[in-house]
>>> print(open('structure36.txt').read())   # compact mmCIF, C-alpha atoms
# COMPACT_ATOMS: atom_id res chain seq x y z
CA MET A 1 0.00 0.00 0.00
CA ALA A 2 1.35 3.43 -0.91
CA PHE A 3 2.26 5.75 1.94
CA HIS A 4 0.99 9.28 1.38
CA THR A 5 2.18 11.98 3.75
CA SER A 6 2.60 15.72 3.75
CA THR A 7 4.60 17.72 1.23
CA ALA A 8 3.81 21.02 3.00
CA GLU A 9 6.26 23.92 3.08
CA GLY A 10 5.04 27.26 4.34
CA PRO A 11 3.83 29.27 7.34
CA ILE A 12 1.28 27.77 9.75
CA ASP A 13 -1.53 29.71 11.42
CA PHE A 14 -1.71 28.40 14.99
CA ILE A 15 -1.92 29.67 18.57
CA ASN A 16 0.00 27.08 20.60
CA ALA A 17 1.65 23.65 20.50
CA PHE A 18 -1.59 21.88 21.38
CA ASP A 19 -3.11 23.31 18.19
CA LEU A 20 -0.27 21.79 16.20
CA GLU A 21 -1.12 18.30 17.42
CA GLN A 22 -4.78 18.59 16.47
CA MET A 23 -3.93 20.09 13.09
CA ALA A 24 -1.21 17.53 12.34
CA GLN A 25 -3.57 14.63 12.95
CA LYS A 26 -5.47 15.73 9.85
CA VAL A 27 -2.45 15.51 7.52
CA ILE A 28 -0.34 12.63 8.90
CA PRO A 29 -1.56 9.13 7.94
CA LYS A 30 -3.34 7.35 10.82
CA GLY A 31 -0.68 4.73 11.53
CA ALA A 32 2.17 7.22 11.41
CA PHE A 33 0.31 9.72 13.58
CA GLY A 34 -0.43 7.01 16.14
CA TYR A 35 3.26 6.09 16.25
CA ILE A 36 4.31 9.71 16.74
CA ALA A 37 1.62 10.87 19.16
CA SER A 38 0.81 7.84 21.28
CA GLY A 39 2.49 6.42 24.35
CA ALA A 40 2.78 3.09 26.12
CA GLY A 41 -0.03 1.15 27.74
CA ASP A 42 -2.78 3.31 29.22
CA THR A 43 -0.77 6.45 28.32
CA PHE A 44 -0.74 7.47 31.99
CA THR A 45 2.90 8.56 31.91
CA LEU A 46 2.44 10.29 28.55
CA HIS A 47 -0.21 12.57 30.02
CA GLU A 48 1.51 13.00 33.38
CA ASN A 49 4.51 14.40 31.51
CA ILE A 50 2.45 17.47 30.67
CA ARG A 51 0.42 17.69 33.85
CA SER A 52 3.45 17.33 36.14
CA PHE A 53 4.66 20.84 35.31
CA ASN A 54 1.78 22.05 37.49
CA HIS A 55 3.48 20.49 40.51
CA LYS A 56 5.67 23.59 40.68
CA LEU A 57 4.73 27.27 40.32
CA ILE A 58 6.60 30.26 38.92
CA VAL A 59 6.43 33.25 41.23
CA PRO A 60 5.89 36.53 39.32
CA HIS A 61 8.35 39.27 40.26
CA THR A 62 8.13 43.05 39.89
CA LEU A 63 10.54 45.98 39.89
CA ARG A 64 13.39 43.79 38.66
CA ASP A 65 14.69 46.14 35.96
CA VAL A 66 14.00 43.58 33.23
CA GLU A 67 13.24 44.35 29.57
CA ASN A 68 13.44 42.21 26.43
CA PRO A 69 14.79 39.06 28.09
CA SER A 70 17.38 37.13 26.10
CA THR A 71 17.25 33.36 25.59
CA GLU A 72 20.73 33.27 24.08
CA THR A 73 22.71 30.42 25.58
CA ILE A 74 26.40 29.52 25.38
CA PHE A 75 26.81 25.76 25.67
CA ASN A 76 30.16 24.01 25.29
CA GLY A 77 31.50 26.98 23.38
CA ASP A 78 28.55 27.20 20.97
CA THR A 79 26.23 30.20 20.99
CA LEU A 80 22.61 29.08 20.70
CA SER A 81 19.61 31.32 20.19
CA SER A 82 17.84 29.38 22.95
CA PRO A 83 18.33 26.48 25.37
CA LEU A 84 15.51 24.83 23.39
CA ILE A 85 17.03 22.16 21.12
CA MET A 86 15.82 19.41 18.78
CA ALA A 87 15.21 16.06 20.46
CA PRO A 88 16.07 12.88 18.57
CA VAL A 89 12.95 11.57 16.82
CA ALA A 90 12.86 8.59 14.47
CA ALA A 91 11.82 8.72 10.83
CA HIS A 92 10.78 12.32 10.18
CA LYS A 93 9.53 11.26 6.75
CA LEU A 94 6.51 9.82 8.54
CA ALA A 95 5.36 13.44 8.91
CA ASN A 96 6.66 15.07 5.72
CA VAL A 97 8.38 13.66 2.64
CA GLN A 98 11.20 16.18 3.17
CA GLY A 99 11.99 14.45 6.46
CA GLU A 100 15.08 15.36 8.46
CA ILE A 101 16.33 17.73 5.76
CA ALA A 102 13.44 20.10 6.51
CA SER A 103 13.76 19.59 10.25
CA ALA A 104 17.48 20.36 10.17
CA LYS A 105 16.86 23.46 8.06
CA GLY A 106 14.23 24.70 10.53
CA VAL A 107 16.52 24.19 13.52
CA HIS A 108 19.41 25.84 11.67
CA GLU A 109 17.26 28.88 10.94
CA PHE A 110 16.12 28.98 14.58
CA GLY A 111 19.77 28.91 15.61
CA SER A 112 19.91 26.02 18.05
CA LEU A 113 21.24 22.45 18.35
CA TYR A 114 20.02 19.44 16.34
CA THR A 115 20.07 15.79 17.47
CA THR A 116 19.86 13.07 14.81
CA SER A 117 18.28 9.71 15.68
CA SER A 118 19.93 6.44 14.70
CA TYR A 119 16.55 5.67 13.19
CA SER A 120 16.58 8.75 10.99
CA SER A 121 14.96 8.36 7.57
CA THR A 122 17.77 10.49 6.07
CA ASP A 123 21.50 9.71 6.15
CA LEU A 124 23.92 11.80 8.19
CA PRO A 125 25.83 13.59 5.38
CA GLU A 126 22.63 15.16 4.02
CA ILE A 127 21.63 16.35 7.49
CA THR A 128 25.10 17.73 8.23
CA GLU A 129 25.16 19.61 4.95
CA THR A 130 21.77 21.16 5.69
CA LEU A 131 22.82 22.23 9.18
CA GLN A 132 25.69 24.36 7.77
CA GLY A 133 27.69 24.30 10.99
CA THR A 134 24.74 24.28 13.41
CA PRO A 135 25.78 22.14 16.43
CA HIS A 136 24.91 18.52 15.75
CA TRP A 137 24.57 15.55 18.14
CA PHE A 138 23.85 11.89 17.40
CA GLN A 139 21.49 9.63 19.34
CA PHE A 140 22.96 6.12 19.40
CA TYR A 141 20.91 2.93 19.52
CA PHE A 142 23.74 0.52 20.26
CA SER A 143 24.11 -2.60 18.09
CA LYS A 144 24.86 -6.08 19.35
CA ASP A 145 27.84 -6.07 16.94
CA ASP A 146 30.78 -3.89 18.00
CA GLY A 147 32.04 -3.86 14.42
CA ILE A 148 28.83 -2.13 13.36
CA ASN A 149 29.08 0.20 16.35
CA ARG A 150 32.60 1.23 15.32
CA HIS A 151 31.45 1.77 11.74
CA ILE A 152 28.58 4.02 12.85
CA MET A 153 30.87 5.98 15.18
CA ASP A 154 33.37 6.44 12.36
CA HIS A 155 30.50 7.76 10.24
CA VAL A 156 29.50 10.10 13.07
CA LYS A 157 33.03 11.45 13.53
CA GLU A 158 33.41 12.07 9.80
CA GLN A 159 30.40 14.41 10.00
CA GLY A 160 31.89 16.58 12.75
CA ILE A 161 29.19 15.63 15.24
CA LYS A 162 29.95 17.01 18.70
CA ALA A 163 28.41 14.48 21.09
CA ILE A 164 26.91 11.01 21.20
CA VAL A 165 23.67 10.44 23.10
CA LEU A 166 23.37 6.82 24.21
CA THR A 167 19.72 5.81 24.47
CA ALA A 168 19.67 3.62 27.57
CA ASP A 169 15.94 3.63 28.31
CA ALA A 170 14.75 1.69 25.26
CA THR A 171 16.42 -1.72 25.40
CA VAL A 172 13.00 -3.14 24.50
CA GLY A 173 10.03 -1.38 22.99
CA GLY A 174 7.28 -0.12 25.27
CA ASN A 175 3.75 -1.48 25.12
CA ARG A 176 2.68 0.54 22.07
CA GLU A 177 -0.93 -0.62 21.82
CA THR A 178 -1.88 2.11 19.36
CA ASP A 179 0.69 0.77 16.90
CA ALA A 180 -0.70 -2.74 17.34
CA ARG A 181 -4.28 -1.58 16.75
CA ASN A 182 -3.21 0.32 13.63
CA GLY A 183 -0.99 -2.49 12.34
CA PHE A 184 1.77 0.07 12.02
CA VAL A 185 4.99 -0.83 10.21
CA PHE A 186 7.64 1.61 9.03
CA PRO A 187 6.95 2.72 5.46
CA VAL A 188 10.36 4.40 5.19
CA GLY A 189 13.94 3.17 5.43
CA MET A 190 16.56 4.00 8.06
CA PRO A 191 19.87 4.44 6.22
CA ILE A 192 22.15 5.06 9.21
CA VAL A 193 21.46 1.62 10.73
CA GLN A 194 20.91 -0.20 7.45
CA GLU A 195 23.76 -2.62 8.24
CA TYR A 196 21.98 -4.19 11.21
CA LEU A 197 18.45 -3.25 10.19
CA PRO A 198 18.22 -4.37 6.54
CA ASP A 199 15.02 -3.38 4.78
CA GLY A 200 13.91 -1.20 7.72
CA ALA A 201 10.83 -0.21 5.76
CA GLY A 202 8.03 -2.67 6.44
CA LYS A 203 9.32 -3.54 9.92
CA THR A 204 7.49 -3.13 13.23
CA MET A 205 8.99 -1.12 16.07
CA ASP A 206 9.44 -4.36 18.02
CA PHE A 207 11.71 -5.67 15.25
CA VAL A 208 13.68 -2.43 15.27
CA TYR A 209 14.36 -2.64 19.01
CA LYS A 210 15.29 -6.32 18.87
CA SER A 211 17.91 -5.47 16.25
CA ALA A 212 19.69 -3.22 18.75
CA LYS A 213 21.50 -4.30 21.92
CA GLN A 214 19.24 -4.94 24.90
CA LYS A 215 21.87 -5.71 27.54
CA LEU A 216 23.52 -2.34 28.14
CA SER A 217 26.07 -1.79 30.90
CA PRO A 218 28.58 0.84 32.05
CA LYS A 219 31.16 -0.84 29.81
CA ASP A 220 29.19 0.31 26.78
CA VAL A 221 29.48 3.94 27.90
CA GLU A 222 33.21 3.47 28.39
CA PHE A 223 33.56 1.86 24.96
CA ILE A 224 31.72 4.67 23.17
CA ALA A 225 33.71 7.38 24.96
CA GLN A 226 37.06 5.71 24.33
CA TYR A 227 36.45 4.77 20.70
CA SER A 228 34.73 7.95 19.57
CA GLY A 229 36.64 10.45 21.68
CA LEU A 230 33.37 12.38 21.94
CA PRO A 231 31.35 13.41 24.99
CA VAL A 232 28.73 10.76 25.81
CA TYR A 233 25.36 11.78 27.18
CA VAL A 234 23.44 8.91 28.77
CA LYS A 235 19.77 9.27 27.87
CA GLY A 236 17.31 7.79 30.35
CA PRO A 237 18.44 8.09 34.00
CA GLN A 238 15.54 9.06 36.27
CA SER A 239 17.04 8.23 39.66
CA LYS A 240 20.09 8.99 41.79
CA GLU A 241 21.29 5.41 41.44
CA ASP A 242 21.30 5.54 37.64
CA VAL A 243 23.02 8.92 37.65
CA ASP A 244 25.81 7.50 39.82
CA ILE A 245 26.25 4.52 37.47
CA ALA A 246 26.37 6.72 34.36
CA LEU A 247 28.83 9.22 35.79
CA SER A 248 31.07 6.46 37.16
CA ALA A 249 31.18 5.00 33.65
CA GLY A 250 32.44 8.31 32.26
CA ALA A 251 29.28 9.97 30.99
CA SER A 252 29.85 13.62 30.09
CA GLY A 253 26.19 14.51 30.56
CA ILE A 254 22.81 13.17 31.64
CA TRP A 255 19.70 13.35 29.46
CA VAL A 256 16.54 13.13 31.58
CA THR A 257 13.61 11.62 29.71
CA ASN A 258 11.00 8.90 29.83
CA HIS A 259 10.97 8.70 26.04
CA GLY A 260 7.90 10.89 25.86
CA GLY A 261 5.83 8.36 27.81
CA ARG A 262 6.53 5.71 25.17
CA GLN A 263 8.45 3.17 27.25
CA LEU A 264 7.43 2.31 30.84
CA ASP A 265 3.83 3.33 31.46
CA GLY A 266 3.12 3.93 35.13
CA GLY A 267 6.55 5.48 35.63
CA PRO A 268 7.15 8.98 36.94
CA ALA A 269 6.67 12.09 34.86
CA ALA A 270 9.99 13.25 33.45
CA PHE A 271 9.71 16.65 35.15
CA ASP A 272 9.35 15.01 38.56
CA SER A 273 12.41 12.84 37.83
CA LEU A 274 14.42 15.88 36.74
CA GLN A 275 14.46 17.30 40.23
CA GLU A 276 15.91 14.10 41.74
CA VAL A 277 18.46 13.77 38.94
CA ALA A 278 19.59 17.40 39.22
CA GLU A 279 20.23 16.96 42.92
CA ALA A 280 22.27 13.81 42.24
CA VAL A 281 24.27 15.41 39.42
CA ASP A 282 24.97 18.47 41.57
CA LYS A 283 26.23 20.51 38.59
CA ARG A 284 29.07 18.06 37.85
CA VAL A 285 27.94 17.60 34.23
CA PRO A 286 25.30 19.22 32.00
CA ILE A 287 21.69 18.00 32.07
CA VAL A 288 19.42 17.83 29.03
CA PHE A 289 15.69 17.38 29.57
CA ASP A 290 12.80 16.27 27.38
CA SER A 291 9.26 14.81 27.59
CA GLY A 292 6.09 16.87 27.83
CA ILE A 293 7.37 20.26 26.66
CA ARG A 294 4.44 22.16 25.16
CA ARG A 295 4.74 25.64 26.70
CA GLY A 296 7.32 28.31 27.37
CA GLN A 297 6.62 27.97 31.09
CA HIS A 298 7.50 24.26 30.81
CA VAL A 299 10.92 25.24 29.48
CA PHE A 300 11.30 27.82 32.25
CA LYS A 301 10.41 25.29 34.96
CA ALA A 302 12.79 22.69 33.55
CA LEU A 303 15.67 25.19 33.52
CA ALA A 304 14.82 26.33 37.05
CA SER A 305 14.82 22.68 38.13
CA GLY A 306 18.34 21.89 36.92
CA ALA A 307 18.25 21.44 33.13
CA ASP A 308 20.86 23.17 30.98
CA LEU A 309 19.15 22.38 27.67
CA VAL A 310 15.53 21.45 26.96
CA ALA A 311 14.67 19.28 23.96
CA LEU A 312 11.54 19.53 21.83
CA GLY A 313 10.18 16.49 20.01
CA ARG A 314 6.54 16.04 19.02
CA PRO A 315 5.66 19.75 18.50
CA ALA A 316 8.57 20.09 16.07
CA ILE A 317 7.40 17.03 14.13
CA TYR A 318 3.85 18.40 13.98
CA GLY A 319 5.27 21.67 12.66
CA LEU A 320 7.21 19.64 10.08
CA ALA A 321 4.02 17.92 8.92
CA LEU A 322 2.13 21.19 8.59
CA GLY A 323 4.77 23.54 7.21
CA GLY A 324 8.03 21.75 6.45
CA SER A 325 11.16 23.59 7.57
CA ILE A 326 9.14 26.76 8.17
CA GLY A 327 6.76 24.85 10.42
CA VAL A 328 9.64 23.40 12.43
CA ARG A 329 11.11 26.85 12.93
CA GLN A 330 7.70 28.23 13.90
CA ALA A 331 7.19 25.50 16.51
CA PHE A 332 10.48 26.44 18.16
CA GLU A 333 9.82 30.17 17.86
CA LYS A 334 6.35 29.89 19.39
CA ILE A 335 7.55 28.11 22.52
CA ASN A 336 10.63 30.33 22.73
CA ASP A 337 8.47 33.48 22.48
CA GLU A 338 6.35 32.12 25.33
CA LEU A 339 9.54 31.53 27.29
CA LYS A 340 10.59 35.17 26.81
CA MET A 341 7.20 36.36 28.03
CA VAL A 342 7.46 34.14 31.12
CA MET A 343 11.00 35.39 31.77
CA GLN A 344 9.78 38.99 31.67
CA LEU A 345 6.91 38.32 34.08
CA ALA A 346 9.17 36.33 36.40
CA GLY A 347 11.77 39.11 36.53
CA THR A 348 14.55 37.19 34.77
CA GLN A 349 16.73 38.82 32.10
CA THR A 350 18.88 35.86 31.06
CA ILE A 351 18.81 32.07 31.01
CA GLU A 352 21.31 32.08 33.87
CA ASP A 353 18.81 34.11 35.86
CA VAL A 354 16.17 31.47 35.13
CA LYS A 355 18.48 28.72 36.38
CA ASN A 356 18.77 30.56 39.70
CA VAL A 357 15.00 30.82 40.21
CA THR A 358 13.39 28.88 43.04
CA LEU A 359 10.02 27.46 42.04
CA ARG A 360 7.22 27.28 44.57
CA HIS A 361 5.49 24.03 45.48
CA ASN A 362 1.89 23.94 44.25
CA PRO A 363 -0.35 23.85 47.36
CA TYR A 364 -3.59 23.62 45.43
CA ASP A 365 -5.93 20.67 45.01
CA PRO A 366 -4.77 18.85 41.85
CA SER A 367 -8.40 18.18 40.95
CA VAL A 368 -8.67 21.77 39.69
CA GLN A 369 -6.15 21.05 36.94
CA TYR A 370 -7.38 20.64 33.38
CA ASP A 371 -8.48 17.22 32.17
CA VAL A 372 -5.54 15.89 30.16
CA ASN A 373 -7.85 13.38 28.46
CA GLU A 374 -9.17 16.30 26.45
CA LEU A 375 -5.80 16.24 24.68
CA ARG A 376 -6.01 12.56 23.80
CA LEU A 377 -6.42 12.35 20.04
CA TYR A 378 -5.67 8.74 19.16
>>> encode(input="structure36.txt", output="structure tokens")
Amino acid sequence: MAFHTSTAEGPIDFINAFDLEQMAQKVIPKGAFGYIASGAGDTFTLHENIRSFNHKLIVPHTLRDVENPSTETIFNGDTLSSPLIMAPVAAHKLANVQGEIASAKGVHEFGSLYTTSSYSSTDLPEITETLQGTPHWFQFYFSKDDGINRHIMDHVKEQGIKAIVLTADATVGGNRETDARNGFVFPVGMPIVQEYLPDGAGKTMDFVYKSAKQKLSPKDVEFIAQYSGLPVYVKGPQSKEDVDIALSAGASGIWVTNHGGRQLDGGPAAFDSLQEVAEAVDKRVPIVFDSGIRRGQHVFKALASGADLVALGRPAIYGLALGGSIGVRQAFEKINDELKMVMQLAGTQTIEDVKNVTLRHNPYDPSVQYDVNELRLY
């Protein structure tokens, strides 16, 4: 069966990131949209990711001599327009035939950092060329075969990529019931991992995960760091114990995530885990955060809770579906504009000021919060 997806390229008329999801559902084929938007099991953790930001409150401040706050961020010597970066997302061609080329162009024009997934539907050289020097990271799904791992890392180093992000929280696929109901299989190939995932198109996500290494250990972090010579960010720790293991193995950074609620349903919201992880890291290495970012105040709260960079996934892909590279850029700009507004109202001029903010515990009855099931579209 032919796979028909968006060819859009142009400005989108929308108010917020929630609008993007509803609009994107109309243009992305059902199976692909279910894969992108859904979570594991009962989708409890998926929805808690968004709701959990209400566990902490931003205190407005006045008379702070603040005007036109700046989101400019210097990270590892690179100047970024914002601490908001592109999260690794598989197979962008599910949303738009232009795929990662359009996504990379949008992030380049926004002026931030781009992370390529191992399961990209576009090969690395094309993405690197599009980025034109924009900082570029690579998310690594480790193979069972170290020869293949070396080959991929050689490929990564050839492209001038600045860090490797080891996905440690997806050694098996989560209980993706929406994919099962839709009979979803990948209609696009994955050229970066073609050596251990031949004919990736037509495969289920379960097959994809089984083709990667399930039994990860600290030795794998050590191997990647030693062979590549690049900083290794371990993606997935949500507890002090896992932070200690990762840092002892030589991790150069911690990426806090629950895979957007797609792995272990019934687990904690990523924002709640961030606070425990930040305390354990204690500023020894940088922290990247993702999962549930839909608002500028979400970015603000993540930064105030210990994150150095905040990664955007689904909203960028919805922007891609609706407007190509322009839509990706707009998705980032919308959330970043909200962040600037929040910074102004909170009396913070710079991102460093935001990182020094103390959030207030929410004393209110959680029953007054909005019904997240209203956002459930699949």
>>> closest_residue(input="structure36.txt", among="A:Met341, A:Val310, A:Leu320, A:Leu124", to="Ile28 in chain A", atoms="only C-alpha atoms")
A:Leu320
>>> residues_around(input="structure36.txt", residues="Asn76 in chain A", least_positions_apart="2", cutoff="10 Å", atoms="only C-alpha atoms", output="list in words")
Thr73, Ile74, Asp78, Thr79, Lys162 and Pro286 of chain A
>>> residues_around(input="structure36.txt", residues="range 60-66 of chain A", least_positions_apart="4", cutoff="6 Å", atoms="all atoms listed in the file", output="list in words")
Leu345, Ala346, Gly347 and Gln349 of chain A
>>> atom_distance(input="structure36.txt", atom1="CA of Gly189 in chain A", atom2="CA of Ala91 in chain A")
8.0 Å
>>> residues_around(input="structure36.txt", residues="Glu126 in chain A", least_positions_apart="4", cutoff="9 Å", atoms="all atoms listed in the file", output="VMD selection string")
chain A and resid 100 to 101 122 130 to 131
>>> closest_residue(input="structure36.txt", among="A:Ile50, A:Ala321, A:Ile58, A:Val256", to="Asn96 in chain A", atoms="only C-alpha atoms")
A:Ala321
>>> residues_near_point(input="structure36.txt", point="(6.6, 2.1, 34.4)", cutoff="12 Å", atoms="all atoms listed in the file", output="mmCIF file with C-alpha atoms, in the frame of the given file")
data_model
loop_
_atom_site.group_PDB
_atom_site.id
_atom_site.type_symbol
_atom_site.label_atom_id
_atom_site.label_comp_id
_atom_site.auth_asym_id
_atom_site.auth_seq_id
_atom_site.Cartn_x
_atom_site.Cartn_y
_atom_site.Cartn_z
ATOM 1 C CA GLY A 39 2.490 6.420 24.350
ATOM 2 C CA ALA A 40 2.780 3.090 26.120
ATOM 3 C CA GLY A 41 -0.030 1.150 27.740
ATOM 4 C CA ASP A 42 -2.780 3.310 29.220
ATOM 5 C CA THR A 43 -0.770 6.450 28.320
ATOM 6 C CA PHE A 44 -0.740 7.470 31.990
ATOM 7 C CA THR A 45 2.900 8.560 31.910
ATOM 8 C CA LEU A 46 2.440 10.290 28.550
ATOM 9 C CA ASP A 169 15.940 3.630 28.310
ATOM 10 C CA GLY A 174 7.280 -0.120 25.270
ATOM 11 C CA ASN A 175 3.750 -1.480 25.120
ATOM 12 C CA GLN A 238 15.540 9.060 36.270
ATOM 13 C CA ASN A 258 11.000 8.900 29.830
ATOM 14 C CA HIS A 259 10.970 8.700 26.040
ATOM 15 C CA GLY A 261 5.830 8.360 27.810
ATOM 16 C CA ARG A 262 6.530 5.710 25.170
ATOM 17 C CA GLN A 263 8.450 3.170 27.250
ATOM 18 C CA LEU A 264 7.430 2.310 30.840
ATOM 19 C CA ASP A 265 3.830 3.330 31.460
ATOM 20 C CA GLY A 266 3.120 3.930 35.130
ATOM 21 C CA GLY A 267 6.550 5.480 35.630
ATOM 22 C CA PRO A 268 7.150 8.980 36.940
ATOM 23 C CA ALA A 269 6.670 12.090 34.860
ATOM 24 C CA ALA A 270 9.990 13.250 33.450
#
>>> axis_aligned_box(input="structure36.txt", around="range 349-359 of chain A", padding_each_side="6 Å", output="lines of an AutoDock Vina configuration file")
center_x = 15.7
center_y = 33.1
center_z = 37.0
size_x = 23.3
size_y = 23.4
size_z = 24.0
>>> residues_around(input="structure36.txt", residues="Val165 in chain A", least_positions_apart="5", cutoff="8 Å", atoms="all atoms listed in the file", output="ChimeraX atom specification")
/A:137-140,232-235
>>> write_last_selection(input="structure36.txt", atoms="C-alpha atoms", output="PDB file, in the coordinates of the input")
ATOM      1  CA  TRP A 137      24.570  15.550  18.140  1.00  0.00           C
ATOM      2  CA  PHE A 138      23.850  11.890  17.400  1.00  0.00           C
ATOM      3  CA  GLN A 139      21.490   9.630  19.340  1.00  0.00           C
ATOM      4  CA  PHE A 140      22.960   6.120  19.400  1.00  0.00           C
ATOM      5  CA  VAL A 232      28.730  10.760  25.810  1.00  0.00           C
ATOM      6  CA  TYR A 233      25.360  11.780  27.180  1.00  0.00           C
ATOM      7  CA  VAL A 234      23.440   8.910  28.770  1.00  0.00           C
ATOM      8  CA  LYS A 235      19.770   9.270  27.870  1.00  0.00           C
TER       9      LYS A 235
END
>>> atom_distance(input="structure36.txt", atom1="CA of Lys210 in chain A", atom2="CA of Asp244 in chain A")
27.2 Å
>>> atom_distance(input="structure36.txt", atom1="CA of Gly327 in chain A", atom2="CA of Lys26 in chain A")
15.3 Å
>>> residues_around(input="structure36.txt", residues="range 276-278 of chain A", least_positions_apart="4", cutoff="10 Å", atoms="only C-alpha atoms", output="compact mmCIF listing (two decimals) with C-alpha atoms, in the coordinates of the input")
# COMPACT_ATOMS: atom_id res chain seq x y z
CA PRO A 237 18.44 8.09 34.00
CA GLN A 238 15.54 9.06 36.27
CA SER A 239 17.04 8.23 39.66
CA LYS A 240 20.09 8.99 41.79
CA GLU A 241 21.29 5.41 41.44
CA ASP A 242 21.30 5.54 37.64
CA VAL A 243 23.02 8.92 37.65
CA ASP A 244 25.81 7.50 39.82
CA ILE A 254 22.81 13.17 31.64
CA TRP A 255 19.70 13.35 29.46
CA VAL A 256 16.54 13.13 31.58
CA PHE A 271 9.71 16.65 35.15
CA ASP A 272 9.35 15.01 38.56
CA ASP A 282 24.97 18.47 41.57
CA LYS A 283 26.23 20.51 38.59
CA ARG A 284 29.07 18.06 37.85
CA VAL A 285 27.94 17.60 34.23
CA PRO A 286 25.30 19.22 32.00
CA ILE A 287 21.69 18.00 32.07
CA SER A 305 14.82 22.68 38.13
CA GLY A 306 18.34 21.89 36.92
CA ALA A 307 18.25 21.44 33.13
